[in-house]
Amino acid sequence: MFNIGYFKGQATDYIFRYKAGRVVGEGNGLSFFYLRYDTQIVAVPTNSQDSNFVFNEVTNNFQEVMIQGQLTYRIVNPKQAATLLNFAIHPEKKNYLTNDPEKLAGRVSNVVQIETRKEIQKRTLEETLRDSQTIAAEVLQRLRNSKELEPLGLELQSVYFLSARPSPEVAKALEADYRETLLRKADEATYARRAAAVDEERKIKEKELASDRTIEEQRKDLILLQGANAKQEAENRGQALLQEAQYQAKAAEMQLAIFRELDAKKVLAYALKELGSNAGKVGNLTITSEMLASLLNDKADSAHNG
């Protein structure tokens, strides 16, 4: 009874049960009773496996570059894989009896490195550093389309380049060049800002000059209009004064026309009468002896005739 054991396989393992050197059972997650003395169990993992890698390669301009990344693969043909590597496990401890399963990741890494080398040798160091993810994608696509991994019974699911670094000496040189580039770009940005500020100031001054020019033109038009208005006003005022003078002259002429037919002595007498009516407005009045004699003689003649 002590020679009978029970094995319970993992769901992610493809189990082969061997008895006397022959496969008597197989399947994913297989569980069974077995005789310890004549049973061998092989467990091929079918879940995805991750493996890290580091490659040192040389670009087409003879510069060393270190590629660090990760790949993911999965065994899709357990029977094929079991024929190449020993996946036998201890039935009770469930650990592998050899280190063959660990070799599988190394073989996949070797295939990935070969394809990576082909891509890197097409590029310069600068292109490799810049296009590292593109290279990884091309390597993955090429291996999926090829039959390099079919003998191992697996498929490659992903390839990632976590970093692509040059040698320390070249890295320092690139860092110095990069710093110079950054400083140059910073200077160019400063010059661009200054040029933009000068251009903006020029535009503002041009707008101010245009505004001043417009104001001066408006002032010129206003002065011309004011001059025209003043001239027209003066002409109108002059014409009005002329008309007023003409009216006054006409009135005076009409008033004088009344006295033309009268005797001079009567006119003088009328004038004295008007002066008497406005005596309050007269300061001094001088009557000559000739004027008085003329009036008295005229009065005497009138009495004599009467």
# chains A, B, ... in the order shown; residues from 1 in each chain; ligands from 1
>>> residues_around(residues="Asn28 (chain A)", least_positions_apart="5", cutoff="7 Å", atoms="only C-alpha atoms", output="PDB file with C-alpha atoms, in the first residue's frame")
ATOM      1  CA  ALA A  11      -4.098  23.188 -14.550  1.00  0.00           C
ATOM      2  CA  THR A  12      -1.299  25.001 -16.398  1.00  0.00           C
ATOM      3  CA  ASP A  13       0.837  21.852 -16.781  1.00  0.00           C
ATOM      4  CA  TYR A  14       0.486  19.265 -19.515  1.00  0.00           C
ATOM      5  CA  ILE A  15       1.073  15.940 -17.737  1.00  0.00           C
TER       6      ILE A  15
END
>>> closest_atom_pairs(of="region 21-42 of chain A", to="region 97-121 of chain A", cutoff="12 Å", atoms="only C-alpha atoms", output="Markdown table")
| residue | atom | partner | partner_atom | distance |
| --- | --- | --- | --- | --- |
| A:Gln40 | CA | A:Leu97 | CA | 11.0 |
| A:Ile41 | CA | A:Leu97 | CA | 10.4 |
| A:Val42 | CA | A:Leu97 | CA | 9.8 |
>>> select_by_dssp(residues="region 155-251 of chain A", states="strand (DSSP E)", output="NGL selection string")
:A and (155-166)
>>> write_last_selection(atoms="N, CA and C atoms", output="compact mmCIF listing (two decimals), in the first residue's frame")
# COMPACT_ATOMS: atom_id res chain seq x y z
N GLU A 155 5.75 29.26 -28.93
CA GLU A 155 5.52 30.49 -29.69
C GLU A 155 6.01 31.68 -28.88
N LEU A 156 6.50 32.67 -29.58
CA LEU A 156 6.98 33.90 -28.93
C LEU A 156 5.82 34.89 -28.88
N GLN A 157 5.49 35.35 -27.70
CA GLN A 157 4.34 36.24 -27.53
C GLN A 157 4.72 37.71 -27.55
N SER A 158 5.86 38.06 -26.98
CA SER A 158 6.25 39.47 -26.95
C SER A 158 7.76 39.60 -26.77
N VAL A 159 8.27 40.73 -27.27
CA VAL A 159 9.68 41.11 -27.07
C VAL A 159 9.71 42.60 -26.76
N TYR A 160 10.31 42.95 -25.64
CA TYR A 160 10.43 44.36 -25.24
C TYR A 160 11.89 44.69 -24.96
N PHE A 161 12.31 45.83 -25.46
CA PHE A 161 13.62 46.36 -25.11
C PHE A 161 13.42 47.41 -24.02
N LEU A 162 13.87 47.09 -22.82
CA LEU A 162 13.70 48.03 -21.71
C LEU A 162 14.69 49.18 -21.79
N SER A 163 15.87 48.92 -22.36
CA SER A 163 16.86 49.99 -22.51
C SER A 163 17.84 49.63 -23.61
N ALA A 164 18.39 50.66 -24.23
CA ALA A 164 19.46 50.51 -25.21
C ALA A 164 20.50 51.56 -24.86
N ARG A 165 21.67 51.10 -24.39
CA ARG A 165 22.67 52.04 -23.88
C ARG A 165 24.01 51.84 -24.57
N PRO A 166 24.69 52.93 -24.88
CA PRO A 166 26.04 52.82 -25.46
C PRO A 166 27.05 52.56 -24.35
>>> closest_residue(among="A:Glu235, A:Glu92, A:Glu200, A:Glu206", to="Phe33 (chain A)", atoms="only C-alpha atoms")
A:Glu92
>>> atom_distance(atom1="CA of Phe16 (chain A)", atom2="CA of Pro151 (chain A)")
19.2 Å
